[in-house]
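run_25.cif follows; it contains mmCIF, C-alpha atoms and all ligand atoms.
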data_target
loop_
_atom_site.label_atom_id
_atom_site.label_comp_id
_atom_site.auth_asym_id
_atom_site.auth_seq_id
_atom_site.Cartn_x
_atom_site.Cartn_y
_atom_site.Cartn_z
CA MET H 1 192.97 115.69 109.33
CA SER H 2 194.27 113.84 106.28
CA LYS H 3 192.64 110.49 105.54
CA GLU H 4 194.28 107.73 107.60
CA LYS H 5 196.45 106.12 104.95
CA THR H 6 196.79 105.29 101.26
CA ILE H 7 197.64 101.73 100.28
CA LYS H 8 198.94 100.96 96.81
CA ILE H 9 199.76 97.44 95.64
CA PHE H 10 201.97 96.81 92.62
CA ASN H 11 202.50 93.77 90.41
CA LYS H 12 205.99 94.89 89.50
CA ILE H 13 208.73 96.44 91.63
CA ASP H 14 209.56 98.80 88.74
CA GLU H 15 206.01 100.21 88.88
CA LEU H 16 206.32 100.66 92.65
CA SER H 17 209.71 102.35 92.24
CA ALA H 18 208.38 104.68 89.51
CA PHE H 19 205.41 105.61 91.68
CA PHE H 20 207.77 106.48 94.55
CA GLY H 21 210.02 108.52 92.27
CA ASN H 22 207.01 110.46 90.99
CA ILE H 23 205.92 111.26 94.56
CA ILE H 24 209.26 113.06 94.98
CA VAL H 25 208.96 114.78 91.59
CA GLU H 26 205.43 116.03 92.31
CA LYS H 27 206.24 117.26 95.81
CA LEU H 28 209.44 118.93 94.66
CA GLN H 29 207.45 120.82 92.00
CA LYS H 30 205.36 122.37 94.78
CA LYS H 31 208.46 123.86 96.39
CA THR H 32 209.66 127.35 95.48
CA ASP H 33 213.00 127.55 93.66
CA ASP H 34 214.86 128.53 96.80
CA GLU H 35 213.39 125.75 98.95
CA TYR H 36 214.98 122.35 99.50
CA PHE H 37 213.12 119.04 99.70
CA THR H 38 214.19 117.17 102.83
CA ILE H 39 214.07 113.37 102.77
CA ALA H 40 215.00 110.77 105.38
CA LEU H 41 216.08 107.49 103.78
CA SER H 42 215.44 104.00 105.02
CA GLY H 43 218.19 101.44 105.40
CA GLY H 44 218.10 97.67 105.03
CA SER H 45 217.94 95.76 101.73
CA THR H 46 214.50 96.72 100.35
CA PRO H 47 215.64 100.21 99.27
CA LYS H 48 218.48 98.80 97.11
CA TYR H 49 216.30 98.06 94.09
CA ILE H 50 214.27 101.27 94.57
CA PHE H 51 217.46 103.36 94.74
CA GLN H 52 218.92 101.64 91.66
CA TYR H 53 215.71 102.37 89.77
CA LEU H 54 215.73 106.04 90.84
CA ALA H 55 219.38 106.39 89.84
CA LYS H 56 218.63 104.96 86.40
CA ASN H 57 215.21 106.51 85.65
CA PHE H 58 215.05 109.68 87.77
CA ARG H 59 218.58 110.96 87.29
CA GLU H 60 217.24 113.83 85.19
CA LYS H 61 213.60 113.89 86.37
CA ILE H 62 214.58 114.91 89.91
CA ASN H 63 216.67 118.05 90.42
CA TRP H 64 218.98 116.48 92.97
CA ASN H 65 220.51 119.91 93.75
CA ARG H 66 217.26 120.70 95.57
CA ILE H 67 217.19 117.53 97.65
CA LEU H 68 218.69 117.34 101.16
CA VAL H 69 219.31 113.73 102.18
CA PHE H 70 219.16 112.49 105.75
CA TRP H 71 218.63 109.05 107.28
CA GLY H 72 215.87 107.69 109.49
CA ASP H 73 218.40 105.44 111.16
CA GLU H 74 221.97 104.18 110.97
CA ARG H 75 223.86 101.26 112.35
CA CYS H 76 226.73 102.15 114.70
CA VAL H 77 229.42 101.09 112.24
CA GLN H 78 232.02 102.79 110.06
CA PRO H 79 230.65 104.53 106.93
CA ASP H 80 232.46 102.05 104.67
CA ASP H 81 231.06 99.02 106.53
CA GLU H 82 228.75 96.74 104.49
CA GLU H 83 226.17 97.20 107.29
CA SER H 84 226.14 101.00 106.84
CA ASN H 85 222.85 102.47 105.55
CA TYR H 86 224.88 105.43 104.30
CA LYS H 87 227.16 103.14 102.26
CA MET H 88 224.17 101.32 100.81
CA ALA H 89 222.50 104.59 99.75
CA CYS H 90 225.76 105.83 98.19
CA ASP H 91 226.39 102.57 96.33
CA PHE H 92 222.87 102.26 94.92
CA LEU H 93 221.82 105.91 94.52
CA LEU H 94 223.85 108.88 95.72
CA ASN H 95 227.04 108.04 93.82
CA ARG H 96 224.95 107.62 90.68
CA VAL H 97 223.08 110.97 90.57
CA ASN H 98 224.31 114.56 90.51
CA ILE H 99 223.69 115.42 94.12
CA PRO H 100 226.18 117.80 95.76
CA GLN H 101 228.06 116.25 98.66
CA GLU H 102 226.98 119.20 100.82
CA ASN H 103 223.36 118.02 100.41
CA ILE H 104 224.09 114.69 102.08
CA PHE H 105 223.95 114.49 105.88
CA ARG H 106 225.01 111.06 107.06
CA ILE H 107 224.69 109.88 110.62
CA PHE H 108 228.20 109.28 112.04
CA GLY H 109 227.80 105.61 112.88
CA GLU H 110 231.43 105.50 113.92
CA SER H 111 230.97 108.07 116.71
CA ASN H 112 229.92 107.56 120.32
CA PRO H 113 226.19 106.70 119.91
CA ASP H 114 224.88 108.99 122.66
CA ASP H 115 226.97 111.91 121.40
CA GLU H 116 225.91 111.27 117.79
CA ALA H 117 222.20 111.15 118.65
CA VAL H 118 222.59 114.63 120.13
CA ARG H 119 224.73 115.95 117.26
CA TYR H 120 222.36 114.68 114.59
CA SER H 121 219.32 116.01 116.47
CA GLU H 122 220.93 119.47 116.51
CA LEU H 123 221.72 119.15 112.80
CA ILE H 124 218.10 118.22 112.03
CA LYS H 125 216.88 121.26 114.01
CA SER H 126 219.18 123.48 111.93
CA LYS H 127 218.25 122.06 108.51
CA LEU H 128 214.54 121.19 108.59
CA SER H 129 211.62 123.59 108.35
CA LEU H 130 209.52 123.82 111.49
CA ASN H 131 205.84 122.99 111.91
CA LYS H 132 204.49 124.11 115.28
CA SER H 133 208.17 124.64 116.20
CA PHE H 134 208.99 120.95 115.52
CA PRO H 135 211.39 119.91 112.71
CA THR H 136 209.43 118.48 109.80
CA PHE H 137 210.74 116.26 107.03
CA ASP H 138 209.11 116.67 103.64
CA LEU H 139 209.29 112.91 103.21
CA VAL H 140 210.31 109.97 105.38
CA PHE H 141 210.94 106.69 103.58
CA LEU H 142 210.45 103.73 105.92
CA GLY H 143 210.99 100.00 105.63
CA LEU H 144 209.37 97.33 107.78
CA GLY H 145 211.03 94.51 109.64
CA ASP H 146 209.22 91.16 109.88
CA ASP H 147 208.99 91.87 113.61
CA GLY H 148 207.15 95.11 112.89
CA HIS H 149 210.05 97.44 113.59
CA THR H 150 210.62 100.51 111.47
CA ALA H 151 213.67 102.75 111.29
CA SER H 152 215.37 101.33 114.38
CA ILE H 153 212.34 101.54 116.62
CA PHE H 154 211.89 98.05 118.02
CA GLN H 155 209.25 96.53 120.27
CA ASN H 156 211.60 97.23 123.21
CA ASN H 157 211.49 100.99 122.70
CA LEU H 158 207.97 102.04 121.76
CA ASN H 159 208.57 104.98 124.10
CA LEU H 160 210.27 106.60 121.11
CA PHE H 161 206.76 107.51 119.90
CA LYS H 162 206.24 109.59 123.04
CA THR H 163 209.65 111.22 123.46
CA THR H 164 210.46 114.84 122.60
CA LYS H 165 213.84 113.66 121.35
CA LEU H 166 214.50 113.84 117.60
CA PHE H 167 217.07 111.03 117.48
CA ASP H 168 218.06 108.48 120.09
CA VAL H 169 220.15 105.36 120.56
CA ALA H 170 218.46 101.98 120.02
CA ILE H 171 219.67 98.41 120.39
CA HIS H 172 218.63 95.70 117.92
CA PRO H 173 216.91 93.09 120.16
CA LYS H 174 218.50 90.12 118.42
CA THR H 175 221.94 91.26 117.26
CA LYS H 176 222.37 93.77 120.14
CA GLN H 177 223.83 96.11 117.51
CA LYS H 178 223.58 99.76 118.55
CA ARG H 179 221.69 102.01 116.20
CA ILE H 180 220.95 105.74 115.95
CA THR H 181 217.27 106.17 115.12
CA ALA H 182 214.77 108.91 114.45
CA SER H 183 212.15 109.01 117.16
CA GLY H 184 208.57 108.13 116.34
CA THR H 185 207.70 111.68 117.29
CA LEU H 186 209.97 113.09 114.58
CA ILE H 187 208.74 110.56 112.02
CA ASN H 188 205.10 111.44 112.77
CA PHE H 189 205.74 115.14 112.16
CA ALA H 190 206.72 114.45 108.54
CA LYS H 191 204.56 115.87 105.75
CA THR H 192 204.65 112.54 103.92
CA ILE H 193 205.59 109.12 105.24
CA VAL H 194 206.08 106.31 102.73
CA PHE H 195 206.42 102.68 103.76
CA ILE H 196 207.90 100.50 101.02
CA VAL H 197 207.50 96.81 101.78
CA THR H 198 208.16 93.87 99.46
CA GLY H 199 208.34 90.10 99.69
CA LYS H 200 206.33 87.25 101.21
CA ALA H 201 208.31 87.35 104.44
CA LYS H 202 206.56 90.62 105.35
CA ALA H 203 203.02 89.52 104.39
CA GLU H 204 201.86 88.52 107.88
CA VAL H 205 203.19 91.62 109.63
CA VAL H 206 201.80 93.92 106.91
CA SER H 207 198.37 92.35 107.35
CA SER H 208 198.54 92.61 111.14
CA ILE H 209 199.38 96.31 110.96
CA LEU H 210 196.97 97.32 108.21
CA ASN H 211 194.08 95.25 109.57
CA LYS H 212 194.91 96.12 113.19
CA ASP H 213 194.72 92.49 114.22
CA GLY H 214 196.84 90.16 116.38
CA ILE H 215 199.63 91.91 118.26
CA TRP H 216 199.46 95.01 116.02
CA GLU H 217 199.63 97.43 118.95
CA LYS H 218 203.00 96.00 119.99
CA LEU H 219 204.40 96.62 116.52
CA PRO H 220 206.29 99.92 116.19
CA ALA H 221 205.19 100.48 112.58
CA SER H 222 201.56 100.51 113.83
CA HIS H 223 202.37 103.73 115.69
CA VAL H 224 203.48 105.59 112.58
CA LYS H 225 200.60 108.05 112.25
CA PRO H 226 201.45 111.40 110.71
CA LYS H 227 200.16 114.30 112.85
CA ASN H 228 199.26 116.45 109.89
CA GLY H 229 200.78 114.66 106.94
CA LYS H 230 200.05 111.75 104.67
CA LEU H 231 200.81 108.06 105.19
CA ILE H 232 201.36 105.97 102.07
CA TRP H 233 202.00 102.21 101.95
CA LEU H 234 203.63 100.96 98.74
CA LEU H 235 203.50 97.17 98.62
CA ASP H 236 204.31 94.51 96.10
CA LYS H 237 201.82 91.65 95.61
CA ASP H 238 203.80 89.30 97.85
CA ALA H 239 203.94 91.67 100.81
CA ALA H 240 200.21 92.39 100.37
CA SER H 241 199.18 88.74 99.87
CA VAL H 242 197.80 88.09 103.38
CA PHE H 243 196.30 91.56 103.70
CA LEU H 244 194.42 90.99 100.41
CA GLU H 245 193.07 87.64 101.63
CA THR H 246 191.86 89.03 104.95
CA PRO H 247 188.24 90.26 104.85
CA ASN H 248 188.04 93.69 106.46
C1 LIG B 301 217.57 99.31 108.87
C2 LIG B 301 216.25 99.87 108.42
C3 LIG B 301 215.16 98.97 108.92
C4 LIG B 301 214.67 98.23 107.69
C5 LIG B 301 213.89 97.01 108.07
C6 LIG B 301 213.54 96.20 106.82
O1 LIG B 301 218.45 100.08 109.24
O2 LIG B 301 217.69 98.06 108.75
O3 LIG B 301 216.06 101.14 108.60
O4 LIG B 301 214.08 99.62 109.52
O5 LIG B 301 213.88 99.10 106.90
O6 LIG B 301 214.69 96.23 108.94
O7 LIG B 301 214.78 95.75 106.28
P1 LIG B 301 214.84 94.98 104.87
O8 LIG B 301 214.49 95.98 103.83
O9 LIG B 301 216.26 94.52 104.77
O10 LIG B 301 213.83 93.84 104.96
#

structure tokens encoding of this file:
Amino acid sequence: MSKEKTIKIFNKIDELSAFFGNIIVEKLQKKTDDEYFTIALSGGSTPKYIFQYLAKNFREKINWNRILVFWGDERCVQPDDEESNYKMACDFLLNRVNIPQENIFRIFGESNPDDEAVRYSELIKSKLSLNKSFPTFDLVFLGLGDDGHTASIFQNNLNLFKTTKLFDVAIHPKTKQKRITASGTLINFAKTIVFIVTGKAKAEVVSSILNKDGIWEKLPASHVKPKNGKLIWLLDKDAASVFLETPN
């Protein structure tokens, strides 16, 4: 059983971004030449700077031909909508590196949500390697909401950590926006799970999860525990500020 989790705290977002880029480089090097590296991207705003940094500094360091890109979740919107996680990834990363279009597998946010959850689950089964007959991402990149959600697993659907489904439909508790999300089961099968969290607004929830205090068990991100893989938290100083103050 791998050690529970690795926590790294960075003074500068560039250092955090470089560390994340090097995780991909190092893991890709361990693949044989005919193997792909499968990654599920996070949405939201945090990844924007990380993606921009990767596009600028890892354009040549990562052989993007060997990367297959998926998403951990998508909003049920058109792909050219400003809310689209696919659009954000294209704008900040995928349109700026030499990755073949056929390596990019977006979630069809514009489709019927129930139908798309099934379609994308079948796609994942067909593209990912299997571990104990379950599809396994090489890396899942997760963000963290200030309410403790991750991907689009909210406090109202913690059952997604117990389901056998790969992807399902979720509803944002505040905006009521429909989302397609990876299940917690699928996330926890990943070989490497990386949370990237920045900013003071996340400091309390980060501390609650990492210190297992307060309502931590109600927070979806607390249930991200890789079955056989590694869990890595990459934080900036602001996001780690309460965690660092809390004696543990
Ligand atoms: C999404 C993300 C979601 C995100 C958190 C944090 O589709 O919004 O997948 O899980 O990572 O909400 O979002 P920010 O990075 O914008 O704070």

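Between atom CA of H:Thr38 and atom CA of H:Leu68 there is a distance of 4.8 Å.
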
Please identify every residue of stretch 104-133 of chain H that has at least one atom no farther than 10 Å from an atom of stretch 82-86 of chain H, counting all atoms listed in the file, and for each give the shortest atom pair and the distance in Å to one decimal, arranged by chain then increasing number, as a Markdown table.
| residue | atom | partner | partner_atom | distance |
| --- | --- | --- | --- | --- |
| H:Ile104 | CA | H:Tyr86 | CA | 9.6 |
| H:Phe105 | CA | H:Tyr86 | CA | 9.2 |
| H:Arg106 | CA | H:Tyr86 | CA | 6.3 |
| H:Ile107 | CA | H:Tyr86 | CA | 7.7 |
| H:Phe108 | CA | H:Tyr86 | CA | 9.3 |
| H:Gly109 | CA | H:Ser84 | CA | 7.8 |
| H:Glu110 | CA | H:Ser84 | CA | 9.9 |

- request: May I ask for the distance between atom CA of H:Ser45 and atom CA of H:Glu122, given in Å to one decimal place?
  value: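 So the two atoms, atom CA of H:Ser45 and atom CA of H:Glu122, lie 28.1 Å apart.
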
Residue contacts of H:Thr164 (9 Å, all atoms listed in the file) excluding same-chain residues fewer than 6 positions away, as a ChimeraX atom specification: /H:183,185-186

- request: Taking (218.3, 127.4, 97.3) in the file's own coordinates, collect the residues within 12 Å, counting all atoms listed in the file, and hand them back as a ChimeraX atom specification.
  value: /H:31-37,63-68,103

Please write the residues from the selection above to a file, keeping C-alpha atoms, as a short mmCIF file (atom, residue, chain, number, x, y, z; two decimals), in the frame of the given file.
data_model
loop_
_atom_site.label_atom_id
_atom_site.label_comp_id
_atom_site.auth_asym_id
_atom_site.auth_seq_id
_atom_site.Cartn_x
_atom_site.Cartn_y
_atom_site.Cartn_z
CA LYS H 31 208.46 123.86 96.39
CA THR H 32 209.66 127.35 95.48
CA ASP H 33 213.00 127.55 93.66
CA ASP H 34 214.86 128.53 96.80
CA GLU H 35 213.39 125.75 98.95
CA TYR H 36 214.98 122.35 99.50
CA PHE H 37 213.12 119.04 99.70
CA ASN H 63 216.67 118.05 90.42
CA TRP H 64 218.98 116.48 92.97
CA ASN H 65 220.51 119.91 93.75
CA ARG H 66 217.26 120.70 95.57
CA ILE H 67 217.19 117.53 97.65
CA LEU H 68 218.69 117.34 101.16
CA ASN H 103 223.36 118.02 100.41
#

field: Site check for ligand LIG 301 (chain B): residues at most 10 Å away, only C-alpha atoms and all ligand atoms, as a VMD selection string
entry: chain H and resid 41 to 48 71 to 75 83 to 86 141 to 154 172 179 to 182 195 to 199 201 to 202 221

query: Given the choices H:Lys200, H:Lys56, H:Lys227, H:Lys27, which gets closest to H:Ile187 if the distance is worked out from all atoms listed in the file?
result: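 Nearest to H:Ile187: H:Lys227.
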
- request: Find the residues around H:Pro135 up to 10 Å (only C-alpha atoms counted), leave out those fewer than 6 positions away in its own chain, and share them as JSON, numbers by chain.
  value: {"H": [121, 124, 125, 126, 127, 128, 129, 166, 186, 187, 189, 190]}

Store the residues of this selection in a file with C-alpha atoms, as a PDB file, keeping the file's coordinate frame.
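That gives us again-v1.pdb:
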ATOM      1  CA  SER H 121     219.320 116.010 116.470  1.00  0.00           C
ATOM      2  CA  ILE H 124     218.100 118.220 112.030  1.00  0.00           C
ATOM      3  CA  LYS H 125     216.880 121.260 114.010  1.00  0.00           C
ATOM      4  CA  SER H 126     219.180 123.480 111.930  1.00  0.00           C
ATOM      5  CA  LYS H 127     218.250 122.060 108.510  1.00  0.00           C
ATOM      6  CA  LEU H 128     214.540 121.190 108.590  1.00  0.00           C
ATOM      7  CA  SER H 129     211.620 123.590 108.350  1.00  0.00           C
ATOM      8  CA  LEU H 166     214.500 113.840 117.600  1.00  0.00           C
ATOM      9  CA  LEU H 186     209.970 113.090 114.580  1.00  0.00           C
ATOM     10  CA  ILE H 187     208.740 110.560 112.020  1.00  0.00           C
ATOM     11  CA  PHE H 189     205.740 115.140 112.160  1.00  0.00           C
ATOM     12  CA  ALA H 190     206.720 114.450 108.540  1.00  0.00           C
TER      13      ALA H 190
END
